[in-house]
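Colleague: My file is input_8.cif. It has mmCIF, C-alpha atoms:
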```
data_data
#
loop_
_atom_site.group_PDB
_atom_site.id
_atom_site.type_symbol
_atom_site.label_atom_id
_atom_site.label_comp_id
_atom_site.auth_asym_id
_atom_site.auth_seq_id
_atom_site.Cartn_x
_atom_site.Cartn_y
_atom_site.Cartn_z
ATOM 1 C CA MET A 1 0.000 0.000 0.000
ATOM 2 C CA ASP A 2 1.307 3.458 -0.907
ATOM 3 C CA VAL A 3 1.947 5.732 2.077
ATOM 4 C CA ILE A 4 1.668 9.512 1.768
ATOM 5 C CA GLN A 5 3.326 11.601 4.486
ATOM 6 C CA ILE A 6 2.675 15.234 5.379
ATOM 7 C CA ILE A 7 5.614 16.720 7.283
ATOM 8 C CA GLY A 8 5.277 20.194 8.769
ATOM 9 C CA ILE A 9 8.515 22.196 8.589
ATOM 10 C CA GLU A 10 8.741 23.446 12.153
ATOM 11 C CA ARG A 11 12.025 25.318 12.506
ATOM 12 C CA LEU A 12 11.732 28.169 10.064
ATOM 13 C CA PRO A 13 12.734 31.582 11.421
ATOM 14 C CA ILE A 14 10.513 34.642 11.058
ATOM 15 C CA VAL A 15 10.830 35.431 7.355
ATOM 16 C CA LYS A 16 11.893 38.947 6.386
ATOM 17 C CA THR A 17 12.154 40.825 3.104
ATOM 18 C CA GLY A 18 15.052 39.528 1.039
ATOM 19 C CA ASP A 19 15.335 36.158 2.808
ATOM 20 C CA ASP A 20 16.144 33.118 0.676
ATOM 21 C CA LEU A 21 13.106 30.929 1.301
ATOM 22 C CA ALA A 22 14.524 27.887 -0.475
ATOM 23 C CA GLU A 23 17.624 27.905 1.700
ATOM 24 C CA LEU A 24 15.628 28.464 4.890
ATOM 25 C CA ILE A 25 13.266 25.599 4.032
ATOM 26 C CA CYS A 26 16.092 23.188 3.150
ATOM 27 C CA ASN A 27 18.004 24.009 6.342
ATOM 28 C CA ALA A 28 14.906 23.730 8.557
ATOM 29 C CA ALA A 29 13.840 20.432 7.007
ATOM 30 C CA GLU A 30 17.311 18.942 7.453
ATOM 31 C CA SER A 31 17.582 20.147 11.045
ATOM 32 C CA GLN A 32 14.412 18.227 11.973
ATOM 33 C CA GLY A 33 15.524 15.076 10.182
ATOM 34 C CA ALA A 34 13.337 15.514 7.103
ATOM 35 C CA ARG A 35 15.895 16.313 4.414
ATOM 36 C CA ILE A 36 14.357 17.198 1.036
ATOM 37 C CA GLN A 37 14.091 14.188 -1.282
ATOM 38 C CA ASN A 38 13.452 13.652 -4.984
ATOM 39 C CA GLY A 39 9.732 13.749 -5.722
ATOM 40 C CA ASP A 40 8.784 15.747 -2.624
ATOM 41 C CA ILE A 41 6.067 18.367 -2.917
ATOM 42 C CA LEU A 42 6.671 21.571 -0.942
ATOM 43 C CA VAL A 43 3.535 23.472 0.059
ATOM 44 C CA ILE A 44 4.364 27.003 1.222
ATOM 45 C CA THR A 45 1.915 29.578 2.553
ATOM 46 C CA HIS A 46 1.789 32.731 0.502
ATOM 47 C CA VAL A 47 2.369 34.947 3.543
ATOM 48 C CA ILE A 48 6.007 33.924 3.952
ATOM 49 C CA VAL A 49 6.555 34.195 0.194
ATOM 50 C CA SER A 50 5.044 37.687 0.279
ATOM 51 C CA ARG A 51 7.187 38.654 3.248
ATOM 52 C CA ALA A 52 10.361 37.412 1.534
ATOM 53 C CA GLU A 53 9.424 39.335 -1.612
ATOM 54 C CA GLY A 54 8.598 42.548 0.246
ATOM 55 C CA ARG A 55 4.899 42.410 -0.601
ATOM 56 C CA ILE A 56 3.986 44.017 2.723
ATOM 57 C CA VAL A 57 1.989 47.235 3.016
ATOM 58 C CA ASN A 58 1.641 49.471 6.059
ATOM 59 C CA LEU A 59 -1.958 50.674 5.986
ATOM 60 C CA ASP A 60 -0.957 53.915 7.699
ATOM 61 C CA GLU A 61 0.869 54.803 4.471
ATOM 62 C CA VAL A 62 -2.162 54.152 2.241
ATOM 63 C CA VAL A 63 -4.278 57.150 1.188
ATOM 64 C CA PRO A 64 -7.841 55.993 0.515
ATOM 65 C CA SER A 65 -9.745 57.268 -2.499
ATOM 66 C CA GLU A 66 -13.241 58.682 -2.191
ATOM 67 C CA PHE A 67 -14.582 55.432 -3.641
ATOM 68 C CA ALA A 68 -12.737 53.429 -0.995
ATOM 69 C CA LYS A 69 -14.072 55.718 1.731
ATOM 70 C CA SER A 70 -17.621 55.258 0.435
ATOM 71 C CA ILE A 71 -17.346 51.444 0.445
ATOM 72 C CA ALA A 72 -15.704 51.463 3.875
ATOM 73 C CA GLU A 73 -18.476 53.587 5.362
ATOM 74 C CA GLN A 74 -21.188 51.434 3.784
ATOM 75 C CA TYR A 75 -19.733 48.102 4.949
ATOM 76 C CA GLY A 76 -18.005 49.059 8.197
ATOM 77 C CA LYS A 77 -14.460 48.495 6.964
ATOM 78 C CA ASP A 78 -11.141 50.301 7.302
ATOM 79 C CA PRO A 79 -10.904 52.701 4.324
ATOM 80 C CA THR A 80 -7.158 52.159 3.999
ATOM 81 C CA LEU A 81 -7.703 48.393 3.792
ATOM 82 C CA VAL A 82 -10.446 48.878 1.203
ATOM 83 C CA GLU A 83 -8.072 51.015 -0.852
ATOM 84 C CA ALA A 84 -5.373 48.334 -0.674
ATOM 85 C CA VAL A 85 -7.947 45.728 -1.745
ATOM 86 C CA LEU A 86 -9.046 47.849 -4.704
ATOM 87 C CA ARG A 87 -5.463 48.395 -5.846
ATOM 88 C CA GLU A 88 -4.884 44.626 -5.934
ATOM 89 C CA SER A 89 -8.108 43.855 -7.825
ATOM 90 C CA LYS A 90 -9.278 44.156 -11.399
ATOM 91 C CA SER A 91 -12.969 43.948 -10.518
ATOM 92 C CA ILE A 92 -15.385 43.764 -7.606
ATOM 93 C CA ARG A 93 -17.580 40.650 -7.868
ATOM 94 C CA ARG A 94 -19.745 40.990 -4.740
ATOM 95 C CA MET A 95 -20.226 43.335 -1.796
ATOM 96 C CA GLY A 96 -22.480 42.674 1.153
ATOM 97 C CA ASP A 97 -22.706 41.821 4.855
ATOM 98 C CA GLY A 98 -19.332 43.476 5.444
ATOM 99 C CA LYS A 99 -17.676 41.310 2.781
ATOM 100 C CA LEU A 100 -15.763 42.439 -0.283
ATOM 101 C CA ILE A 101 -15.281 39.714 -2.907
ATOM 102 C CA THR A 102 -12.940 40.692 -5.716
ATOM 103 C CA GLU A 103 -11.187 39.304 -8.740
ATOM 104 C CA THR A 104 -7.460 39.794 -8.236
ATOM 105 C CA LYS A 105 -5.085 40.881 -10.974
ATOM 106 C CA HIS A 106 -4.086 37.201 -11.210
ATOM 107 C CA GLY A 107 -7.709 36.160 -11.851
ATOM 108 C CA PHE A 108 -8.463 34.591 -8.453
ATOM 109 C CA ILE A 109 -11.898 35.229 -6.925
ATOM 110 C CA CYS A 110 -11.520 35.719 -3.178
ATOM 111 C CA ALA A 111 -12.219 37.973 -0.214
ATOM 112 C CA ASN A 112 -10.258 41.218 0.032
ATOM 113 C CA SER A 113 -8.055 40.414 -2.999
ATOM 114 C CA GLY A 114 -6.276 37.832 -0.869
ATOM 115 C CA ILE A 115 -4.815 40.496 1.439
ATOM 116 C CA ASP A 116 -3.849 38.889 4.743
ATOM 117 C CA LYS A 117 -3.272 40.267 8.243
ATOM 118 C CA SER A 118 -2.611 36.981 10.028
ATOM 119 C CA ASN A 119 1.012 36.015 10.641
ATOM 120 C CA VAL A 120 2.254 39.426 9.492
ATOM 121 C CA PRO A 121 4.363 41.294 12.069
ATOM 122 C CA GLY A 122 3.330 44.900 12.703
ATOM 123 C CA GLU A 123 -0.071 46.059 13.897
ATOM 124 C CA ARG A 124 -0.935 47.914 10.673
ATOM 125 C CA ASN A 125 0.947 45.727 8.206
ATOM 126 C CA VAL A 126 -0.789 43.416 5.740
ATOM 127 C CA ALA A 127 0.553 40.944 3.185
ATOM 128 C CA LEU A 128 -0.458 41.202 -0.456
ATOM 129 C CA LEU A 129 -0.443 38.126 -2.660
ATOM 130 C CA PRO A 130 2.853 37.545 -4.484
ATOM 131 C CA GLU A 131 2.937 39.525 -7.713
ATOM 132 C CA ASP A 132 3.439 36.345 -9.775
ATOM 133 C CA PRO A 133 2.919 33.250 -7.577
ATOM 134 C CA ASP A 134 3.824 30.784 -10.351
ATOM 135 C CA ARG A 135 7.131 32.545 -10.921
ATOM 136 C CA SER A 136 7.760 32.586 -7.168
ATOM 137 C CA ALA A 137 7.105 28.834 -7.004
ATOM 138 C CA GLU A 138 9.467 28.163 -9.921
ATOM 139 C CA GLU A 139 12.253 30.274 -8.405
ATOM 140 C CA ILE A 140 11.986 28.413 -5.096
ATOM 141 C CA ARG A 141 11.902 25.074 -6.915
ATOM 142 C CA GLU A 142 14.981 25.869 -8.981
ATOM 143 C CA LYS A 143 16.938 27.056 -5.940
ATOM 144 C CA ILE A 144 16.008 23.878 -4.028
ATOM 145 C CA ARG A 145 17.270 21.839 -6.977
ATOM 146 C CA LYS A 146 20.591 23.712 -6.880
ATOM 147 C CA LEU A 147 20.925 23.312 -3.110
ATOM 148 C CA THR A 148 19.937 19.649 -2.852
ATOM 149 C CA GLY A 149 20.171 18.136 -6.314
ATOM 150 C CA CYS A 150 16.562 17.012 -5.877
ATOM 151 C CA ASN A 151 13.706 17.556 -8.306
ATOM 152 C CA VAL A 152 10.662 18.679 -6.333
ATOM 153 C CA ALA A 153 7.320 20.343 -6.951
ATOM 154 C CA VAL A 154 6.334 23.580 -5.225
ATOM 155 C CA ILE A 155 2.837 24.816 -4.407
ATOM 156 C CA ILE A 156 2.147 28.259 -2.947
ATOM 157 C CA SER A 157 -1.098 28.208 -0.985
ATOM 158 C CA ASP A 158 -3.674 30.609 0.370
ATOM 159 C CA THR A 159 -6.835 30.169 2.431
ATOM 160 C CA HIS A 160 -10.069 30.767 0.519
ATOM 161 C CA GLY A 161 -13.757 30.393 1.200
ATOM 162 C CA ARG A 162 -16.056 28.577 -1.234
ATOM 163 C CA PRO A 163 -19.510 29.339 -2.661
ATOM 164 C CA LEU A 164 -22.331 27.694 -0.692
ATOM 165 C CA ARG A 165 -19.937 26.034 1.801
ATOM 166 C CA LYS A 166 -18.996 27.157 5.306
ATOM 167 C CA GLY A 167 -15.386 27.323 6.409
ATOM 168 C CA GLU A 168 -12.173 27.962 4.518
ATOM 169 C CA ILE A 169 -9.664 25.618 2.909
ATOM 170 C CA ASN A 170 -6.168 25.935 1.518
ATOM 171 C CA VAL A 171 -5.964 26.271 -2.248
ATOM 172 C CA ALA A 172 -3.066 26.648 -4.675
ATOM 173 C CA ILE A 173 -2.308 30.122 -6.048
ATOM 174 C CA GLY A 174 1.134 29.264 -7.435
ATOM 175 C CA VAL A 175 2.691 26.062 -8.722
ATOM 176 C CA ALA A 176 5.848 24.685 -10.303
ATOM 177 C CA GLY A 177 6.821 21.175 -11.358
ATOM 178 C CA ILE A 178 3.424 19.498 -11.011
ATOM 179 C CA LYS A 179 0.410 19.409 -13.299
ATOM 180 C CA ALA A 180 -2.478 21.383 -11.796
ATOM 181 C CA LEU A 181 -5.280 19.144 -13.050
ATOM 182 C CA ARG A 182 -5.534 15.383 -13.410
ATOM 183 C CA ASP A 183 -7.833 14.731 -16.328
ATOM 184 C CA ARG A 184 -9.558 11.392 -15.718
ATOM 185 C CA ARG A 185 -12.017 11.625 -18.593
ATOM 186 C CA GLY A 186 -11.980 8.381 -20.529
ATOM 187 C CA GLU A 187 -10.995 6.269 -17.514
ATOM 188 C CA SER A 188 -13.380 3.588 -16.237
ATOM 189 C CA ASP A 189 -14.779 3.379 -12.725
ATOM 190 C CA LEU A 190 -15.181 0.243 -10.596
ATOM 191 C CA PHE A 191 -18.203 -0.896 -12.619
ATOM 192 C CA GLY A 192 -16.861 -0.071 -16.071
ATOM 193 C CA TYR A 193 -18.586 3.296 -16.451
ATOM 194 C CA VAL A 194 -16.433 5.565 -18.622
ATOM 195 C CA LEU A 195 -15.871 8.915 -16.918
ATOM 196 C CA SER A 196 -16.839 11.903 -19.061
ATOM 197 C CA VAL A 197 -16.422 14.973 -16.822
ATOM 198 C CA LYS A 198 -13.953 13.952 -14.096
ATOM 199 C CA GLN A 199 -11.073 16.399 -13.659
ATOM 200 C CA THR A 200 -9.334 16.544 -10.272
ATOM 201 C CA ALA A 201 -7.808 19.776 -8.974
ATOM 202 C CA ILE A 202 -4.716 17.981 -7.668
ATOM 203 C CA ILE A 203 -2.813 21.050 -6.494
ATOM 204 C CA ASP A 204 -5.800 22.295 -4.470
ATOM 205 C CA GLU A 205 -6.189 18.860 -2.852
ATOM 206 C CA LEU A 206 -2.496 18.820 -1.944
ATOM 207 C CA ALA A 207 -2.649 22.380 -0.592
ATOM 208 C CA SER A 208 -5.597 21.434 1.637
ATOM 209 C CA ALA A 209 -3.890 18.245 2.786
ATOM 210 C CA ALA A 210 -0.792 20.221 3.755
ATOM 211 C CA GLU A 211 -2.900 22.575 5.882
ATOM 212 C CA LEU A 212 -3.499 19.693 8.301
ATOM 213 C CA ALA A 213 0.163 20.108 9.265
ATOM 214 C CA ILE A 214 0.533 23.827 8.599
ATOM 215 C CA GLY A 215 -2.436 25.107 10.585
ATOM 216 C CA GLN A 216 -3.843 28.621 10.624
ATOM 217 C CA ALA A 217 -3.153 30.112 14.026
ATOM 218 C CA ASN A 218 -0.032 30.185 16.201
ATOM 219 C CA GLU A 219 1.588 26.902 15.205
ATOM 220 C CA GLY A 220 4.458 28.652 13.440
ATOM 221 C CA ILE A 221 4.533 26.068 10.627
ATOM 222 C CA PRO A 222 4.296 27.978 7.322
ATOM 223 C CA ALA A 223 5.383 25.135 5.025
ATOM 224 C CA ALA A 224 5.061 21.385 4.690
ATOM 225 C CA ILE A 225 6.505 18.501 2.704
ATOM 226 C CA ILE A 226 4.152 16.017 1.075
ATOM 227 C CA ARG A 227 6.072 12.804 0.447
ATOM 228 C CA GLY A 228 5.003 9.628 -1.331
ATOM 229 C CA TYR A 229 2.410 11.061 -3.717
ATOM 230 C CA ASP A 230 3.026 10.030 -7.335
ATOM 231 C CA TYR A 231 2.157 13.202 -9.235
ATOM 232 C CA LEU A 232 2.210 14.167 -12.891
ATOM 233 C CA LYS A 233 5.243 16.351 -13.512
ATOM 234 C CA SER A 234 5.019 19.509 -15.588
ATOM 235 C CA GLU A 235 7.479 22.230 -16.574
ATOM 236 C CA ASN A 236 4.806 24.721 -17.610
ATOM 237 C CA ALA A 237 2.129 24.351 -14.944
ATOM 238 C CA LYS A 238 0.097 27.376 -13.846
ATOM 239 C CA ALA A 239 -2.235 27.691 -10.877
ATOM 240 C CA THR A 240 -4.523 29.812 -13.044
ATOM 241 C CA ASP A 241 -5.244 26.639 -15.054
ATOM 242 C CA LEU A 242 -7.843 25.960 -12.324
ATOM 243 C CA ILE A 243 -9.766 29.194 -12.841
ATOM 244 C CA ARG A 244 -13.164 28.526 -14.393
ATOM 245 C CA PRO A 245 -13.952 30.879 -17.302
ATOM 246 C CA LYS A 246 -16.690 33.438 -16.558
ATOM 247 C CA GLU A 247 -18.963 31.977 -19.226
ATOM 248 C CA GLU A 248 -18.947 28.638 -17.362
ATOM 249 C CA ASP A 249 -19.492 30.100 -13.894
ATOM 250 C CA LEU A 250 -22.928 29.406 -12.435
ATOM 251 C CA PHE A 251 -22.372 31.244 -9.128
ATOM 252 C CA LEU A 252 -21.120 34.733 -9.994
#
```
Go ahead and express the file in the form of structure tokens.
Modeller:
Amino acid sequence: MDVIQIIGIERLPIVKTGDDLAELICNAAESQGARIQNGDILVITHVIVSRAEGRIVNLDEVVPSEFAKSIAEQYGKDPTLVEAVLRESKSIRRMGDGKLITETKHGFICANSGIDKSNVPGERNVALLPEDPDRSAEEIREKIRKLTGCNVAVIISDTHGRPLRKGEINVAIGVAGIKALRDRRGESDLFGYVLSVKQTAIIDELASAAELAIGQANEGIPAAIIRGYDYLKSENAKATDLIRPKEEDLFL
């Protein structure tokens, strides 16, 4: 029987702008006896990628527009946060009940353009999403290969809500080295039925699995290794491959 392990990387220091995430991850993994191996999948929370890349904004330095002030007053939000959200979005999809659902410049549909306050040092600091999460994932992957000689996959994750479902889950917003979707159309099920619509969002499933080790509060585990999963390798994968085109969207 195949065994899949999820190993939280526990000894990472507080990540600062300019830090080499690949080196920090490799060193931390080795120090806890979980040295990076060929075929590993590294799932890394976007917040530490954003911190390393300097994608941190102090809201006290943000000047809100009149539009941002109007939305903030209507929905009981901080106008400087609303302004930051608007700057990171290309459209507003929904507003209501104090929520602001936007489409980010990357094409992701999420609350507040993915801007995050949790696990960001500084009372008024927030983390933006990485400017190009796929590129960030590829750079980390390539540096890990140089440091260890191992070929790995890298997923950058974020926590998103879902239409018509309570609670949040980890999803992939950046990827390198692993195919985003597993297309199972044409395969047969247990009873010989030929699948016609089955496509599995592998990188989202792996991101959610990793969150069992990463956690969301004060665990201090911003990355995890998934080991033992036989994935489809890809040199041109993109997390945006999972975005459903607007004309196929039944919810928005």
Colleague: For this structure, which residues satisfy the selection - the PyMOL selection byres ((chain A and resi 168) around 12) - when it is evaluated on the file as given? I want them as a PDB file with C-alpha atoms, keeping the file's coordinate frame.
Modeller:
```pdb
ATOM      1  CA  CYS A 110     -11.520  35.719  -3.178  1.00  0.00           C
ATOM      2  CA  ALA A 111     -12.219  37.973  -0.214  1.00  0.00           C
ATOM      3  CA  ASP A 158      -3.674  30.609   0.370  1.00  0.00           C
ATOM      4  CA  THR A 159      -6.835  30.169   2.431  1.00  0.00           C
ATOM      5  CA  HIS A 160     -10.069  30.767   0.519  1.00  0.00           C
ATOM      6  CA  GLY A 161     -13.757  30.393   1.200  1.00  0.00           C
ATOM      7  CA  ARG A 162     -16.056  28.577  -1.234  1.00  0.00           C
ATOM      8  CA  PRO A 163     -19.510  29.339  -2.661  1.00  0.00           C
ATOM      9  CA  LEU A 164     -22.331  27.694  -0.692  1.00  0.00           C
ATOM     10  CA  ARG A 165     -19.937  26.034   1.801  1.00  0.00           C
ATOM     11  CA  LYS A 166     -18.996  27.157   5.306  1.00  0.00           C
ATOM     12  CA  GLY A 167     -15.386  27.323   6.409  1.00  0.00           C
ATOM     13  CA  ILE A 169      -9.664  25.618   2.909  1.00  0.00           C
ATOM     14  CA  ASN A 170      -6.168  25.935   1.518  1.00  0.00           C
ATOM     15  CA  VAL A 171      -5.964  26.271  -2.248  1.00  0.00           C
ATOM     16  CA  SER A 208      -5.597  21.434   1.637  1.00  0.00           C
ATOM     17  CA  GLU A 211      -2.900  22.575   5.882  1.00  0.00           C
ATOM     18  CA  GLY A 215      -2.436  25.107  10.585  1.00  0.00           C
ATOM     19  CA  GLN A 216      -3.843  28.621  10.624  1.00  0.00           C
TER      20      GLN A 216
END
```
Colleague: Sorted by chain and rising residue number, which residues of segment 138-232 of chain A lie within 10 Å of segment 7-27 of chain A, and what are their closest atom pairs and distances in Å to one decimal, counting only C-alpha atoms, as a tab-separated table?
Modeller:
```
residue	atom	partner	partner_atom	distance
A:Glu139	CA	A:Ala22	CA	8.6
A:Ile140	CA	A:Ala22	CA	5.3
A:Arg141	CA	A:Ala22	CA	7.5
A:Glu142	CA	A:Ala22	CA	8.8
A:Lys143	CA	A:Ala22	CA	6.0
A:Ile144	CA	A:Ala22	CA	5.6
A:Arg145	CA	A:Ala22	CA	9.3
A:Lys146	CA	A:Ala22	CA	9.8
A:Leu147	CA	A:Glu23	CA	7.4
A:Thr148	CA	A:Cys26	CA	8.0
A:Ala210	CA	A:Gly8	CA	7.9
A:Glu211	CA	A:Gly8	CA	9.0
A:Leu212	CA	A:Gly8	CA	8.8
A:Ala213	CA	A:Gly8	CA	5.1
A:Ile214	CA	A:Gly8	CA	6.0
A:Gly215	CA	A:Gly8	CA	9.3
A:Glu219	CA	A:Glu10	CA	8.5
A:Gly220	CA	A:Glu10	CA	6.9
A:Ile221	CA	A:Glu10	CA	5.2
A:Pro222	CA	A:Ile9	CA	7.3
A:Ala223	CA	A:Ile9	CA	5.6
A:Ala224	CA	A:Gly8	CA	4.3
A:Ile225	CA	A:Ile7	CA	5.0
A:Ile226	CA	A:Ile7	CA	6.4
A:Arg227	CA	A:Ile7	CA	7.9
```
Colleague: Which residue is closest to Gly177 of chain A? Choose from A:Glu123, A:Glu235, A:Asp241, A:Glu88 and count only C-alpha atoms.
Modeller: A:Glu235
Colleague: One decimal, Å: what's the distance from atom CA of Glu66 of chain A over to atom CA of Asn125 of chain A, could you say?
Modeller: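 The value is 21.8 Å.
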Colleague: Centre and edge lengths, as AutoDock Vina command-line options, for the axis-aligned box enclosing every listed atom of segment 156-172 of chain A with 4 Å of padding on each of the six sides, in Å to one decimal?
Modeller:
```
--center_x -10.1 --center_y 28.2 --center_z 0.9 --size_x 32.5 --size_y 13.1 --size_z 19.1
```
Colleague: Could you tell me which residues the PyMOL selection byres ((chain A and resi 68) around 8) grabs in this file, written as number ranges by chain?
Modeller: A: 64-67, 69-72, 79-80, 82-83, 86
Colleague: Expand the PyMOL selection byres ((chain A and resi 182) around 7) into the individual residues it matches in the shown file, reporting them as an MDAnalysis selection string.
Modeller: chainID A and resid 180:181 183:184 199:202
Colleague: Nearest to Val126 of chain A: which of A:Pro245, A:Gly54, A:Gly33, A:Gly174 is it, counting only C-alpha atoms?
Modeller: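 Result for the nearest residue to Val126 of chain A: A:Gly54.
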Colleague: At what distance in Å, to one decimal, does atom CA of Ile156 of chain A lie from atom CA of Ala207 of chain A?
Modeller: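 Taking atom CA of Ala207 of chain A and atom CA of Ile156 of chain A, their separation equals 7.9 Å.
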Colleague: So, with only C-alpha atoms as the atoms that count, which of A:Ser50, A:Met95, A:Ala172, A:Gln74 lies closest to Ile115 of chain A?
Modeller: A:Ser50
Colleague: Between A:Val120, A:Ile173, A:Ile109, A:Leu242, which has the minimum distance to Ser91 of chain A (counting only C-alpha atoms)?
Modeller: A:Ile109
Colleague: Give me the residues within 12 Å of Gly122 of chain A as an mmCIF file with C-alpha atoms, in the frame of the given file, counting all atoms listed in the file and dropping any in the same chain fewer than 2 places off.
Modeller:
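For reference, result09.cif as written:
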```
data_model
loop_
_atom_site.group_PDB
_atom_site.id
_atom_site.type_symbol
_atom_site.label_atom_id
_atom_site.label_comp_id
_atom_site.auth_asym_id
_atom_site.auth_seq_id
_atom_site.Cartn_x
_atom_site.Cartn_y
_atom_site.Cartn_z
ATOM 1 C CA ARG A 51 7.187 38.654 3.248
ATOM 2 C CA ILE A 56 3.986 44.017 2.723
ATOM 3 C CA VAL A 57 1.989 47.235 3.016
ATOM 4 C CA ASN A 58 1.641 49.471 6.059
ATOM 5 C CA LEU A 59 -1.958 50.674 5.986
ATOM 6 C CA ASP A 60 -0.957 53.915 7.699
ATOM 7 C CA LYS A 117 -3.272 40.267 8.243
ATOM 8 C CA SER A 118 -2.611 36.981 10.028
ATOM 9 C CA ASN A 119 1.012 36.015 10.641
ATOM 10 C CA VAL A 120 2.254 39.426 9.492
ATOM 11 C CA ARG A 124 -0.935 47.914 10.673
ATOM 12 C CA ASN A 125 0.947 45.727 8.206
ATOM 13 C CA VAL A 126 -0.789 43.416 5.740
ATOM 14 C CA ALA A 127 0.553 40.944 3.185
#
```
Colleague: Could you tell me how far atom CA of Tyr193 of chain A sits from atom CA of Ile4 of chain A, in Å to one decimal place?
Modeller: 27.9 Å
Colleague: Measuring between only C-alpha atoms, which one of A:Pro130, A:Gly107, A:Gly76, A:Gly98 shows the shortest distance to Arg55 of chain A?
Modeller: A:Pro130
Colleague: Compare A:Glu138, A:Glu61, A:Asp97, A:Asp204 by their minimum atom-to-atom distance to Ala153 of chain A, counting only C-alpha atoms, and give me the closest one.
Modeller: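 Distance minimum relative to Ala153 of chain A lands on A:Glu138.
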Colleague: Please provide the set of residues having any atom within 7 Å of Asn38 of chain A, restricted to only C-alpha atoms, with same-chain residues fewer than 3 positions apart removed, written as a PDB file with C-alpha atoms, in the frame of the given file.
Modeller:
```pdb
ATOM      1  CA  CYS A 150      16.562  17.012  -5.877  1.00  0.00           C
ATOM      2  CA  ASN A 151      13.706  17.556  -8.306  1.00  0.00           C
ATOM      3  CA  VAL A 152      10.662  18.679  -6.333  1.00  0.00           C
TER       4      VAL A 152
END
```
Colleague: Excluding Lys99 of chain A and residues on its chain fewer than 3 positions from it, collect all residues at most 9 Å away from it, counting only C-alpha atoms, and give them as an mmCIF file with C-alpha atoms, in the coordinates of the input.
Modeller:
```cif
data_model
loop_
_atom_site.group_PDB
_atom_site.id
_atom_site.type_symbol
_atom_site.label_atom_id
_atom_site.label_comp_id
_atom_site.auth_asym_id
_atom_site.auth_seq_id
_atom_site.Cartn_x
_atom_site.Cartn_y
_atom_site.Cartn_z
ATOM 1 C CA TYR A 75 -19.733 48.102 4.949
ATOM 2 C CA LYS A 77 -14.460 48.495 6.964
ATOM 3 C CA ARG A 94 -19.745 40.990 -4.740
ATOM 4 C CA MET A 95 -20.226 43.335 -1.796
ATOM 5 C CA GLY A 96 -22.480 42.674 1.153
ATOM 6 C CA ALA A 111 -12.219 37.973 -0.214
ATOM 7 C CA ASN A 112 -10.258 41.218 0.032
#
```
